[in-house]
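Only one structure is covered here, and it is reproduced in the block below.
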Amino acid sequence: MKGFHGGNIYEAAKKTRKDPSEIIDFSASINPLAPPPGLEQNLLQKLPLAKSYPDISTSEIVNLLAETHNCSTHQIIVSNGSTEIIYLLPHALGIRSAIIVSPSFSEYENALSLARSSVVLAQAPEANGFQPDKDFLSFYLEQMRVDAVILSNPNSPAGVLLDPETLNRILFMSKSMGALVVLDEVFIDFYENNSFKNLINHHRNLLIIRSLTKFYGLAGFRLGYALAPPMIISALRKHQPPWSVNTLAQYAGIYCLKQNDFKEKTLKFIENERQRLTEKIEKMDGFSVLPSDTNFLLIKLSSELPPASHLQEFLLNRGLLIRDCSSFPGLGSHFFRICIRKPDENDQLVTYLHRYVSLI
Ligand SMILES: Cc1ncc(COP(=O)(O)O)c(C=O)c1O
């Protein structure tokens with residue numbers, strides 16, 4: 001299963017002859033408490049509207065996002081998952097060359113390659129949680145002229161927040177060469193205070209990518225958005241196909257963004273459960289958990305153990321899907337990623353990890 005995205009429960013189910021609903025998915029990093037209670041009922045009421053075209057201007061959800069993030073409606077575009085924005089970038093903004101801080105979400109490279117743009121992967125150091133430190137990108141930015149620099153806050157698959165000083169340096173260096181900075185914040189809802197969203201008011205070369213997939217569990221609805229200065233947003237809008245965000249996705253987003261209790265509950269839950277699960281896994285010989293600021297953990301297996309693909313296979317045969325990270329450039333064969341799920345599911349995973357170690 002090398003090279004595929006997390007969350008492919010359909011392929012996992014086919015492989016193990018199970019129903020997709022029987023797979024416990026630790027690979028897609030979706031909030032285990034999601035979706036917020038009441039969503040289903042709310043959408044049932046909206047279902048009759050699906051016979052008409054969606055609101056082409058997405059105005060209700062854009063207004064709500066503007067209120068939520070304290071920005072103008074001209075600074076927001078809503079999309080068919082944040083992946084749609086990623087694929088709009090090269091054409092809408094004329095990105096012919098880019099530096100991608102690696103390891104990261106593979107669709108940045110795929111989208112740029114498909115548009116025949118050139119890509120340089122800048123491998124960030126493991127010692128810094130695979131995030132660039134303040135001097136790391138200077139080397140690249142002094143040597144080459146590119147149209148965009150792409151990085152994440154927190155990054156994936158490590159889950160580490162970006163240091164503000166580093167981002168400021170990248171923004172200023174990029175601005176002087178006319179390059180756009182694309183900052184992927186699809187996991188920042190778990191640490192909203194550490195978002196750099198306010199910087200879009202001060203830097204005309206900053207685009208922030210966000211999503212309702214992870215925190216609100218809307219992966220199957222496809223709902224993402226970008227925050228950026230109005231010029232960038234209007235260029236993206238011109239290239240976006242009409243009605244790309246369907247009616248139910250728009251209403252699901254509107255409902256979810258208003259659920260403040262759900263938000264509070266999630267933040268407390270993830271914080272506690274991440275600590276509990278980290279401690280349990282850390283106690284096991286051969287497993288080291290990298291520090292994480294979000295709802296998933298990157299785990300390194302000792303070189304004496306078989307590669308992560310072997311563990312993935314073992315767990316999948318027991319109905320648990322983890323993300324073998326060997327397809328992330330530079331990570332090698334011994335890293336895997338799990339998301340924080342409900343306590344009984346996390347305990348089940350730990351039990352199987354113990355069994356795995358005792359069997360090999
Ligand atoms: C870092 C990162 N960015 C963006 C995405 C795309 O998410 P979506 O298109 O569901 O909004 C993902 C999905 O896994 C991701 O991990």
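Ligands are numbered from 1 in the order shown, residues from 1 within each chain, and chains are lettered A, B, ... in the order they appear in the structure tokens.
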Contacts of Gly217 (chain A) at 6 Å (only C-alpha atoms; same-chain gap of 2+ positions) as a PyMOL selection string: chain A and resi 30+34-35+213-215+219
What are the nearest atom pairs, with distances in Å to one decimal, for all residues of chain A that come at most 10 Å from ligand 1, using only C-alpha atoms and all ligand atoms, set out by chain and rising residue number as JSON lines?
{"residue": "A:His5", "atom": "CA", "partner": "ligand 1", "partner_atom_place_in_ligand_line": "14 (O)", "distance": 7.0}
{"residue": "A:Gly6", "atom": "CA", "partner": "ligand 1", "partner_atom_place_in_ligand_line": "14 (O)", "distance": 6.7}
{"residue": "A:Gly7", "atom": "CA", "partner": "ligand 1", "partner_atom_place_in_ligand_line": "14 (O)", "distance": 8.0}
{"residue": "A:Ser27", "atom": "CA", "partner": "ligand 1", "partner_atom_place_in_ligand_line": "14 (O)", "distance": 9.3}
{"residue": "A:Ala28", "atom": "CA", "partner": "ligand 1", "partner_atom_place_in_ligand_line": "14 (O)", "distance": 6.4}
{"residue": "A:Ser29", "atom": "CA", "partner": "ligand 1", "partner_atom_place_in_ligand_line": "14 (O)", "distance": 7.7}
{"residue": "A:Ile30", "atom": "CA", "partner": "ligand 1", "partner_atom_place_in_ligand_line": "14 (O)", "distance": 9.1}
{"residue": "A:Ser79", "atom": "CA", "partner": "ligand 1", "partner_atom_place_in_ligand_line": "11 (O)", "distance": 8.5}
{"residue": "A:Asn80", "atom": "CA", "partner": "ligand 1", "partner_atom_place_in_ligand_line": "9 (O)", "distance": 7.2}
{"residue": "A:Gly81", "atom": "CA", "partner": "ligand 1", "partner_atom_place_in_ligand_line": "9 (O)", "distance": 3.7}
{"residue": "A:Ser82", "atom": "CA", "partner": "ligand 1", "partner_atom_place_in_ligand_line": "11 (O)", "distance": 3.6}
{"residue": "A:Thr83", "atom": "CA", "partner": "ligand 1", "partner_atom_place_in_ligand_line": "9 (O)", "distance": 3.8}
{"residue": "A:Glu84", "atom": "CA", "partner": "ligand 1", "partner_atom_place_in_ligand_line": "9 (O)", "distance": 6.7}
{"residue": "A:Ile85", "atom": "CA", "partner": "ligand 1", "partner_atom_place_in_ligand_line": "9 (O)", "distance": 8.4}
{"residue": "A:Ile86", "atom": "CA", "partner": "ligand 1", "partner_atom_place_in_ligand_line": "4 (C)", "distance": 8.1}
{"residue": "A:Ser104", "atom": "CA", "partner": "ligand 1", "partner_atom_place_in_ligand_line": "1 (C)", "distance": 6.5}
{"residue": "A:Phe105", "atom": "CA", "partner": "ligand 1", "partner_atom_place_in_ligand_line": "1 (C)", "distance": 4.8}
{"residue": "A:Ser106", "atom": "CA", "partner": "ligand 1", "partner_atom_place_in_ligand_line": "2 (C)", "distance": 8.4}
{"residue": "A:Glu107", "atom": "CA", "partner": "ligand 1", "partner_atom_place_in_ligand_line": "4 (C)", "distance": 7.8}
{"residue": "A:Tyr108", "atom": "CA", "partner": "ligand 1", "partner_atom_place_in_ligand_line": "3 (N)", "distance": 8.6}
{"residue": "A:Leu151", "atom": "CA", "partner": "ligand 1", "partner_atom_place_in_ligand_line": "1 (C)", "distance": 9.2}
{"residue": "A:Ser152", "atom": "CA", "partner": "ligand 1", "partner_atom_place_in_ligand_line": "1 (C)", "distance": 7.0}
{"residue": "A:Asn153", "atom": "CA", "partner": "ligand 1", "partner_atom_place_in_ligand_line": "1 (C)", "distance": 8.7}
{"residue": "A:Pro154", "atom": "CA", "partner": "ligand 1", "partner_atom_place_in_ligand_line": "1 (C)", "distance": 8.3}
{"residue": "A:Asn155", "atom": "CA", "partner": "ligand 1", "partner_atom_place_in_ligand_line": "1 (C)", "distance": 6.7}
{"residue": "A:Ser156", "atom": "CA", "partner": "ligand 1", "partner_atom_place_in_ligand_line": "1 (C)", "distance": 5.4}
{"residue": "A:Pro157", "atom": "CA", "partner": "ligand 1", "partner_atom_place_in_ligand_line": "1 (C)", "distance": 7.7}
{"residue": "A:Gly159", "atom": "CA", "partner": "ligand 1", "partner_atom_place_in_ligand_line": "1 (C)", "distance": 9.4}
{"residue": "A:Leu183", "atom": "CA", "partner": "ligand 1", "partner_atom_place_in_ligand_line": "3 (N)", "distance": 9.6}
{"residue": "A:Asp184", "atom": "CA", "partner": "ligand 1", "partner_atom_place_in_ligand_line": "3 (N)", "distance": 6.0}
{"residue": "A:Glu185", "atom": "CA", "partner": "ligand 1", "partner_atom_place_in_ligand_line": "3 (N)", "distance": 7.3}
{"residue": "A:Val186", "atom": "CA", "partner": "ligand 1", "partner_atom_place_in_ligand_line": "3 (N)", "distance": 5.5}
{"residue": "A:Phe187", "atom": "CA", "partner": "ligand 1", "partner_atom_place_in_ligand_line": "1 (C)", "distance": 7.1}
{"residue": "A:Ile209", "atom": "CA", "partner": "ligand 1", "partner_atom_place_in_ligand_line": "4 (C)", "distance": 7.6}
{"residue": "A:Arg210", "atom": "CA", "partner": "ligand 1", "partner_atom_place_in_ligand_line": "11 (O)", "distance": 6.9}
{"residue": "A:Ser211", "atom": "CA", "partner": "ligand 1", "partner_atom_place_in_ligand_line": "11 (O)", "distance": 4.4}
{"residue": "A:Leu212", "atom": "CA", "partner": "ligand 1", "partner_atom_place_in_ligand_line": "11 (O)", "distance": 6.5}
{"residue": "A:Thr213", "atom": "CA", "partner": "ligand 1", "partner_atom_place_in_ligand_line": "10 (O)", "distance": 4.9}
{"residue": "A:Lys214", "atom": "CA", "partner": "ligand 1", "partner_atom_place_in_ligand_line": "10 (O)", "distance": 7.3}
{"residue": "A:Gly217", "atom": "CA", "partner": "ligand 1", "partner_atom_place_in_ligand_line": "10 (O)", "distance": 9.3}
{"residue": "A:Leu218", "atom": "CA", "partner": "ligand 1", "partner_atom_place_in_ligand_line": "10 (O)", "distance": 7.8}
{"residue": "A:Ala219", "atom": "CA", "partner": "ligand 1", "partner_atom_place_in_ligand_line": "10 (O)", "distance": 5.3}
{"residue": "A:Gly220", "atom": "CA", "partner": "ligand 1", "partner_atom_place_in_ligand_line": "10 (O)", "distance": 8.0}
{"residue": "A:Phe221", "atom": "CA", "partner": "ligand 1", "partner_atom_place_in_ligand_line": "10 (O)", "distance": 8.7}
{"residue": "A:Arg222", "atom": "CA", "partner": "ligand 1", "partner_atom_place_in_ligand_line": "10 (O)", "distance": 5.9}
{"residue": "A:Leu223", "atom": "CA", "partner": "ligand 1", "partner_atom_place_in_ligand_line": "11 (O)", "distance": 6.1}
{"residue": "A:Gly224", "atom": "CA", "partner": "ligand 1", "partner_atom_place_in_ligand_line": "11 (O)", "distance": 4.8}
{"residue": "A:Tyr225", "atom": "CA", "partner": "ligand 1", "partner_atom_place_in_ligand_line": "11 (O)", "distance": 7.9}
What does the file look like for those residues with N, CA and C atoms, as a CSV table (one decimal), in the first residue's frame?
chain,number,residue,atom,x,y,z
A,5,HIS,N,-2.6,7.8,-0.2
A,5,HIS,CA,-2.9,8.7,0.9
A,5,HIS,C,-3.4,8.0,2.1
A,6,GLY,N,-3.4,8.7,3.3
A,6,GLY,CA,-4.1,8.1,4.4
A,6,GLY,C,-5.6,8.1,4.1
A,7,GLY,N,-6.3,7.3,4.9
A,7,GLY,CA,-7.8,7.3,4.8
A,7,GLY,C,-8.4,6.5,3.7
A,27,SER,N,-5.3,6.4,9.9
A,27,SER,CA,-4.4,6.9,8.9
A,27,SER,C,-4.8,8.3,8.4
A,28,ALA,N,-6.1,8.7,8.6
A,28,ALA,CA,-6.5,10.0,8.0
A,28,ALA,C,-6.6,11.2,8.9
A,29,SER,N,-6.2,11.0,10.1
A,29,SER,CA,-6.2,12.2,11.1
A,29,SER,C,-7.4,13.0,11.1
A,30,ILE,N,-8.5,12.3,11.3
A,30,ILE,CA,-9.8,13.1,11.5
A,30,ILE,C,-10.3,13.0,12.9
A,79,SER,N,-13.8,26.0,-1.2
A,79,SER,CA,-13.5,25.1,-2.3
A,79,SER,C,-13.9,23.7,-2.0
A,80,ASN,N,-13.8,22.9,-3.0
A,80,ASN,CA,-14.1,21.4,-3.0
A,80,ASN,C,-13.0,20.7,-2.3
A,81,GLY,N,-12.9,20.8,-0.9
A,81,GLY,CA,-11.8,20.4,-0.2
A,81,GLY,C,-10.6,21.3,-0.4
A,82,SER,N,-9.7,21.3,0.5
A,82,SER,CA,-8.5,22.3,0.2
A,82,SER,C,-7.7,21.8,-0.9
A,83,THR,N,-7.9,20.5,-1.3
A,83,THR,CA,-7.1,20.0,-2.5
A,83,THR,C,-7.5,20.7,-3.7
A,84,GLU,N,-8.7,21.2,-3.8
A,84,GLU,CA,-9.1,22.0,-5.1
A,84,GLU,C,-8.2,23.2,-5.2
A,85,ILE,N,-8.0,23.9,-4.0
A,85,ILE,CA,-7.1,25.1,-4.0
A,85,ILE,C,-5.7,24.7,-4.5
A,86,ILE,N,-5.2,23.6,-4.0
A,86,ILE,CA,-3.9,23.2,-4.4
A,86,ILE,C,-3.7,23.0,-5.9
A,104,SER,N,6.0,16.6,3.2
A,104,SER,CA,4.7,17.3,3.3
A,104,SER,C,3.6,16.5,2.5
A,105,PHE,N,2.4,17.1,2.4
A,105,PHE,CA,1.3,16.5,1.7
A,105,PHE,C,1.7,16.4,0.2
A,106,SER,N,1.6,15.2,-0.4
A,106,SER,CA,2.1,14.9,-1.7
A,106,SER,C,1.4,15.6,-2.8
A,107,GLU,N,0.2,16.1,-2.6
A,107,GLU,CA,-0.6,16.8,-3.7
A,107,GLU,C,0.0,18.1,-4.1
A,108,TYR,N,0.8,18.7,-3.3
A,108,TYR,CA,1.5,20.0,-3.8
A,108,TYR,C,2.4,19.6,-5.0
A,151,LEU,N,4.9,25.5,2.6
A,151,LEU,CA,5.2,24.9,3.8
A,151,LEU,C,3.9,24.8,4.7
A,152,SER,N,4.0,24.1,5.9
A,152,SER,CA,2.8,23.8,6.6
A,152,SER,C,2.9,24.2,8.1
A,153,ASN,N,1.8,24.5,8.7
A,153,ASN,CA,1.7,24.9,10.1
A,153,ASN,C,0.5,24.3,10.8
A,154,PRO,N,0.5,23.3,11.6
A,154,PRO,CA,1.6,22.4,11.8
A,154,PRO,C,1.9,21.6,10.5
A,155,ASN,N,3.1,21.0,10.5
A,155,ASN,CA,3.4,20.2,9.3
A,155,ASN,C,2.8,18.8,9.4
A,156,SER,N,2.8,18.1,8.3
A,156,SER,CA,2.4,16.7,8.3
A,156,SER,C,3.4,15.9,7.5
A,157,PRO,N,3.9,14.8,7.9
A,157,PRO,CA,3.3,13.9,9.0
A,157,PRO,C,3.8,14.1,10.4
A,159,GLY,N,3.5,17.0,12.6
A,159,GLY,CA,2.5,17.7,13.5
A,159,GLY,C,3.2,18.7,14.4
A,183,LEU,N,0.9,28.6,2.9
A,183,LEU,CA,1.0,28.0,4.2
A,183,LEU,C,-0.2,27.1,4.4
A,184,ASP,N,0.1,25.8,4.5
A,184,ASP,CA,-1.0,24.9,4.7
A,184,ASP,C,-1.3,24.8,6.2
A,185,GLU,N,-2.5,25.2,6.6
A,185,GLU,CA,-2.9,25.2,8.0
A,185,GLU,C,-4.2,24.3,8.1
A,186,VAL,N,-4.2,23.1,7.4
A,186,VAL,CA,-5.4,22.3,7.5
A,186,VAL,C,-5.6,21.6,8.9
A,187,PHE,N,-4.5,21.6,9.7
A,187,PHE,CA,-4.6,21.0,11.0
A,187,PHE,C,-4.6,22.0,12.1
A,209,ILE,N,-4.0,27.9,3.5
A,209,ILE,CA,-4.9,26.9,3.1
A,209,ILE,C,-5.6,26.3,4.3
A,210,ARG,N,-6.9,26.2,4.3
A,210,ARG,CA,-7.6,25.6,5.5
A,210,ARG,C,-8.6,24.6,5.0
A,211,SER,N,-9.1,23.8,6.0
A,211,SER,CA,-10.1,22.7,5.6
A,211,SER,C,-11.0,22.4,6.7
A,212,LEU,N,-12.2,21.9,6.4
A,212,LEU,CA,-13.1,21.5,7.5
A,212,LEU,C,-13.1,19.9,7.6
A,213,THR,N,-12.2,19.3,6.7
A,213,THR,CA,-12.0,17.9,6.7
A,213,THR,C,-11.6,17.3,8.1
A,214,LYS,N,-10.6,17.9,8.7
A,214,LYS,CA,-9.9,17.2,9.8
A,214,LYS,C,-10.7,17.4,11.1
A,217,GLY,N,-14.6,16.5,10.6
A,217,GLY,CA,-14.9,15.2,10.0
A,217,GLY,C,-15.8,15.3,8.8
A,218,LEU,N,-15.5,16.3,7.9
A,218,LEU,CA,-16.3,16.5,6.7
A,218,LEU,C,-15.5,16.0,5.4
A,219,ALA,N,-14.6,15.0,5.6
A,219,ALA,CA,-13.8,14.5,4.5
A,219,ALA,C,-14.6,14.2,3.3
A,220,GLY,N,-15.7,13.5,3.4
A,220,GLY,CA,-16.5,13.0,2.3
A,220,GLY,C,-17.4,14.1,1.7
A,221,PHE,N,-17.6,15.2,2.4
A,221,PHE,CA,-18.3,16.3,1.8
A,221,PHE,C,-17.5,17.1,0.9
A,222,ARG,N,-16.2,17.2,1.2
A,222,ARG,CA,-15.2,18.0,0.4
A,222,ARG,C,-15.5,19.5,0.7
A,223,LEU,N,-14.8,20.0,1.7
A,223,LEU,CA,-15.0,21.4,2.0
A,223,LEU,C,-13.7,22.0,2.6
A,224,GLY,N,-13.1,22.9,1.8
A,224,GLY,CA,-11.9,23.6,2.2
A,224,GLY,C,-12.0,25.1,1.9
A,225,TYR,N,-11.0,25.9,2.2
A,225,TYR,CA,-11.0,27.3,1.9
A,225,TYR,C,-9.6,27.8,2.0
So, counting only C-alpha atoms, which residue among A:Ser138, A:Glu67, A:Leu114, A:Tyr251 is closest to Gln41 (chain A)?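 Residue with the minimum atom-to-atom distance to Gln41 (chain A): A:Tyr251.
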Find the spatial neighbours of Phe296 (chain A), counting only C-alpha atoms, within a cut-off of 8 Å - ignore same-chain residues fewer than 6 positions away - and output them as JSON, numbers by chain. {"A": [29, 158, 159, 274, 337, 338, 339, 340]}
When you look at region 261-265 of chain A with a cut-off of 12 Å (counting only C-alpha atoms), what residues show up, excluding the ones that are within fewer than 2 positions of it in the same chain? I need them as a compact mmCIF listing (two decimals) with all heavy atoms, in the first residue's frame.
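out35.txt was written with the following content:
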# COMPACT_ATOMS: atom_id res chain seq x y z
N ASN A 31 -10.74 14.12 13.42
CA ASN A 31 -11.22 14.23 14.80
C ASN A 31 -12.18 13.08 15.14
O ASN A 31 -13.23 12.95 14.50
CB ASN A 31 -11.92 15.60 14.92
CG ASN A 31 -12.50 15.85 16.29
OD1 ASN A 31 -12.44 14.99 17.17
ND2 ASN A 31 -13.08 17.02 16.46
N PRO A 32 -11.87 12.25 16.14
CA PRO A 32 -12.72 11.09 16.44
C PRO A 32 -14.09 11.49 17.03
O PRO A 32 -15.01 10.68 17.04
CB PRO A 32 -11.91 10.31 17.48
CG PRO A 32 -11.03 11.32 18.12
CD PRO A 32 -10.72 12.35 17.06
N LEU A 33 -14.22 12.73 17.51
CA LEU A 33 -15.51 13.16 18.07
C LEU A 33 -16.43 13.69 16.97
O LEU A 33 -17.61 13.96 17.21
CB LEU A 33 -15.31 14.24 19.13
CG LEU A 33 -14.37 13.89 20.30
CD1 LEU A 33 -14.41 15.00 21.34
CD2 LEU A 33 -14.76 12.56 20.95
N ALA A 34 -15.87 13.86 15.77
CA ALA A 34 -16.64 14.44 14.66
C ALA A 34 -17.53 13.38 14.02
O ALA A 34 -17.25 12.20 14.13
CB ALA A 34 -15.67 15.02 13.63
N PRO A 35 -18.58 13.81 13.29
CA PRO A 35 -19.01 15.20 13.14
C PRO A 35 -19.75 15.69 14.39
O PRO A 35 -20.16 14.87 15.21
CB PRO A 35 -19.97 15.12 11.94
CG PRO A 35 -20.52 13.73 11.99
CD PRO A 35 -19.42 12.87 12.54
N PRO A 36 -19.91 17.00 14.52
CA PRO A 36 -20.62 17.52 15.70
C PRO A 36 -22.03 16.95 15.77
O PRO A 36 -22.67 16.75 14.73
CB PRO A 36 -20.69 19.03 15.42
CG PRO A 36 -19.70 19.31 14.36
CD PRO A 36 -19.51 18.06 13.57
N PRO A 37 -22.53 16.68 16.99
CA PRO A 37 -23.88 16.14 17.13
C PRO A 37 -24.90 17.06 16.47
O PRO A 37 -24.76 18.27 16.50
CB PRO A 37 -24.10 16.09 18.65
CG PRO A 37 -22.88 16.63 19.29
CD PRO A 37 -21.85 16.91 18.26
N GLY A 38 -25.91 16.45 15.84
CA GLY A 38 -26.98 17.24 15.23
C GLY A 38 -26.76 17.51 13.75
O GLY A 38 -27.67 17.99 13.06
N LEU A 39 -25.58 17.21 13.23
CA LEU A 39 -25.31 17.53 11.82
C LEU A 39 -26.24 16.76 10.89
O LEU A 39 -26.81 17.32 9.95
CB LEU A 39 -23.83 17.24 11.47
CG LEU A 39 -23.49 17.46 10.00
CD1 LEU A 39 -23.56 18.94 9.63
CD2 LEU A 39 -22.11 16.93 9.65
N ASP A 189 -6.80 24.00 13.33
CA ASP A 189 -7.99 24.16 14.20
C ASP A 189 -7.74 23.57 15.59
O ASP A 189 -8.39 23.96 16.55
CB ASP A 189 -9.21 23.45 13.58
CG ASP A 189 -9.44 23.86 12.16
OD1 ASP A 189 -8.53 23.65 11.32
OD2 ASP A 189 -10.51 24.39 11.87
N PHE A 190 -6.80 22.61 15.67
CA PHE A 190 -6.50 22.02 16.98
C PHE A 190 -5.61 22.96 17.80
O PHE A 190 -5.33 22.71 18.96
CB PHE A 190 -5.81 20.65 16.79
CG PHE A 190 -6.70 19.64 16.11
CD1 PHE A 190 -6.66 19.46 14.73
CD2 PHE A 190 -7.62 18.90 16.84
CE1 PHE A 190 -7.49 18.54 14.10
CE2 PHE A 190 -8.46 17.98 16.22
CZ PHE A 190 -8.40 17.80 14.85
N TYR A 191 -5.10 24.03 17.18
CA TYR A 191 -4.24 25.02 17.85
C TYR A 191 -4.47 26.40 17.25
O TYR A 191 -3.53 27.07 16.85
CB TYR A 191 -2.75 24.64 17.66
CG TYR A 191 -2.15 23.91 18.83
CD1 TYR A 191 -2.25 22.53 18.94
CD2 TYR A 191 -1.50 24.61 19.85
CE1 TYR A 191 -1.71 21.85 20.02
CE2 TYR A 191 -0.95 23.94 20.93
CZ TYR A 191 -1.07 22.56 21.00
OH TYR A 191 -0.53 21.90 22.08
N GLU A 192 -5.74 26.80 17.17
CA GLU A 192 -6.12 28.01 16.40
C GLU A 192 -5.31 29.25 16.79
O GLU A 192 -5.02 30.09 15.94
CB GLU A 192 -7.62 28.26 16.61
CG GLU A 192 -8.22 29.31 15.69
CD GLU A 192 -8.28 28.93 14.21
OE1 GLU A 192 -8.74 27.82 13.89
OE2 GLU A 192 -7.86 29.77 13.38
N PHE A 215 -10.93 18.69 11.41
CA PHE A 215 -11.50 19.01 12.71
C PHE A 215 -12.98 18.64 12.80
O PHE A 215 -13.46 18.17 13.81
CB PHE A 215 -11.32 20.51 12.98
CG PHE A 215 -11.55 20.91 14.40
CD1 PHE A 215 -10.51 20.85 15.33
CD2 PHE A 215 -12.79 21.34 14.84
CE1 PHE A 215 -10.71 21.23 16.65
CE2 PHE A 215 -13.01 21.72 16.16
CZ PHE A 215 -11.95 21.66 17.07
N TYR A 216 -13.70 18.85 11.67
CA TYR A 216 -15.15 18.63 11.71
C TYR A 216 -15.57 17.31 11.07
O TYR A 216 -16.77 17.00 11.00
CB TYR A 216 -15.88 19.80 11.03
CG TYR A 216 -15.69 21.09 11.80
CD1 TYR A 216 -14.82 22.08 11.34
CD2 TYR A 216 -16.35 21.30 13.00
CE1 TYR A 216 -14.64 23.26 12.05
CE2 TYR A 216 -16.17 22.47 13.73
CZ TYR A 216 -15.31 23.44 13.25
OH TYR A 216 -15.13 24.59 13.97
N GLY A 217 -14.62 16.54 10.57
CA GLY A 217 -14.95 15.23 10.00
C GLY A 217 -15.81 15.34 8.76
O GLY A 217 -16.75 14.57 8.58
N TYR A 255 -23.23 24.68 9.55
CA TYR A 255 -23.64 24.09 10.83
C TYR A 255 -22.41 23.89 11.74
O TYR A 255 -22.41 24.29 12.91
CB TYR A 255 -24.34 22.74 10.57
CG TYR A 255 -24.81 22.10 11.85
CD1 TYR A 255 -26.03 22.45 12.42
CD2 TYR A 255 -24.02 21.15 12.50
CE1 TYR A 255 -26.45 21.89 13.61
CE2 TYR A 255 -24.43 20.59 13.69
CZ TYR A 255 -25.65 20.95 14.24
OH TYR A 255 -26.06 20.40 15.42
N CYS A 256 -21.37 23.28 11.18
CA CYS A 256 -20.19 22.92 12.00
C CYS A 256 -19.51 24.15 12.60
O CYS A 256 -19.11 24.13 13.77
CB CYS A 256 -19.18 22.15 11.15
SG CYS A 256 -19.72 20.48 10.79
N LEU A 257 -19.36 25.19 11.80
CA LEU A 257 -18.62 26.36 12.28
C LEU A 257 -19.29 27.04 13.47
O LEU A 257 -18.67 27.82 14.19
CB LEU A 257 -18.43 27.37 11.14
CG LEU A 257 -17.43 26.95 10.06
CD1 LEU A 257 -17.57 27.82 8.82
CD2 LEU A 257 -15.99 27.00 10.58
N LYS A 258 -20.58 26.74 13.69
CA LYS A 258 -21.31 27.37 14.82
C LYS A 258 -21.25 26.54 16.09
O LYS A 258 -21.83 26.92 17.10
CB LYS A 258 -22.77 27.58 14.41
CG LYS A 258 -22.94 28.62 13.32
CD LYS A 258 -24.40 28.73 12.94
CE LYS A 258 -24.60 29.76 11.84
NZ LYS A 258 -25.94 29.65 11.24
N GLN A 259 -20.60 25.37 16.04
CA GLN A 259 -20.67 24.44 17.19
C GLN A 259 -19.52 24.69 18.19
O GLN A 259 -18.51 23.98 18.20
CB GLN A 259 -20.64 22.97 16.70
CG GLN A 259 -21.73 22.64 15.70
CD GLN A 259 -23.13 23.01 16.18
OE1 GLN A 259 -23.53 22.64 17.27
NE2 GLN A 259 -23.86 23.75 15.36
N LEU A 267 -10.93 20.10 21.78
CA LEU A 267 -9.60 20.57 22.15
C LEU A 267 -9.12 19.91 23.44
O LEU A 267 -7.99 19.42 23.53
CB LEU A 267 -9.58 22.10 22.29
CG LEU A 267 -9.88 22.85 20.99
CD1 LEU A 267 -9.86 24.36 21.21
CD2 LEU A 267 -8.89 22.49 19.88
N LYS A 268 -10.03 19.82 24.43
CA LYS A 268 -9.67 19.19 25.72
C LYS A 268 -9.39 17.71 25.50
O LYS A 268 -8.41 17.17 26.00
CB LYS A 268 -10.84 19.32 26.71
CG LYS A 268 -10.76 20.59 27.49
CD LYS A 268 -11.66 20.52 28.73
CE LYS A 268 -12.03 21.94 29.11
NZ LYS A 268 -13.45 22.24 29.08
N PHE A 269 -10.28 17.07 24.75
CA PHE A 269 -10.17 15.62 24.54
C PHE A 269 -8.84 15.28 23.85
O PHE A 269 -8.11 14.38 24.29
CB PHE A 269 -11.35 15.12 23.69
CG PHE A 269 -11.19 13.70 23.27
CD1 PHE A 269 -11.50 12.67 24.13
CD2 PHE A 269 -10.68 13.39 22.01
CE1 PHE A 269 -11.31 11.34 23.76
CE2 PHE A 269 -10.49 12.08 21.62
CZ PHE A 269 -10.81 11.05 22.49
N ILE A 270 -8.53 15.98 22.77
CA ILE A 270 -7.32 15.65 21.99
C ILE A 270 -6.06 15.85 22.84
O ILE A 270 -5.15 15.02 22.84
CB ILE A 270 -7.24 16.49 20.68
CG1 ILE A 270 -8.37 16.09 19.71
CG2 ILE A 270 -5.87 16.37 20.00
CD1 ILE A 270 -8.26 14.70 19.10
N GLU A 271 -6.04 16.93 23.58
CA GLU A 271 -4.88 17.23 24.42
C GLU A 271 -4.62 16.08 25.40
O GLU A 271 -3.51 15.55 25.51
CB GLU A 271 -5.14 18.55 25.16
CG GLU A 271 -4.04 18.98 26.08
CD GLU A 271 -3.27 20.16 25.51
OE1 GLU A 271 -3.88 21.01 24.85
OE2 GLU A 271 -2.04 20.20 25.73
N ASN A 272 -5.68 15.65 26.12
CA ASN A 272 -5.53 14.59 27.12
C ASN A 272 -5.19 13.25 26.48
O ASN A 272 -4.30 12.54 26.93
CB ASN A 272 -6.84 14.39 27.92
CG ASN A 272 -7.10 15.58 28.79
OD1 ASN A 272 -6.18 16.32 29.11
ND2 ASN A 272 -8.36 15.79 29.16
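Remark: for Lys280 (chain A), the closest of the candidate residues A:Ala66, A:Ala92, A:Leu349, A:Ala13 is A:Leu349 (distances computed over only C-alpha atoms).
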Mind running region 240-293 of chain A against region 51-59 of chain A at 8 Å and telling me each contacting residue's nearest atom pair with the distance in Å (one decimal), counting only C-alpha atoms, chain and number ascending, as a Markdown table?
| residue | atom | partner | partner_atom | distance |
| --- | --- | --- | --- | --- |
| A:Pro242 | CA | A:Ile56 | CA | 6.4 |
| A:Trp243 | CA | A:Ile56 | CA | 5.2 |
| A:Val245 | CA | A:Pro54 | CA | 7.3 |
| A:Asn246 | CA | A:Pro54 | CA | 5.5 |
| A:Thr247 | CA | A:Pro54 | CA | 4.6 |
| A:Gln250 | CA | A:Thr58 | CA | 7.2 |
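In this comparison, which uses only C-alpha atoms, the residue of A:Ser244, A:Asn201, A:Gln123, A:Ser327 approaching Ser102 (chain A) most closely is A:Gln123.
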When you draw a straight line from CA of Asn42 (chain A) to CA of Glu22 (chain A), how long is it in Å?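 Here the two named atoms are 26.0 Å from each other.
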Could you pull out the strand (DSSP E or B) residues of region 19-249 of chain A from DSSP and send them as a ChimeraX atom specification? /A:24-25,76-79,97-102,118-123,148-152,180-184,206-211,224-227
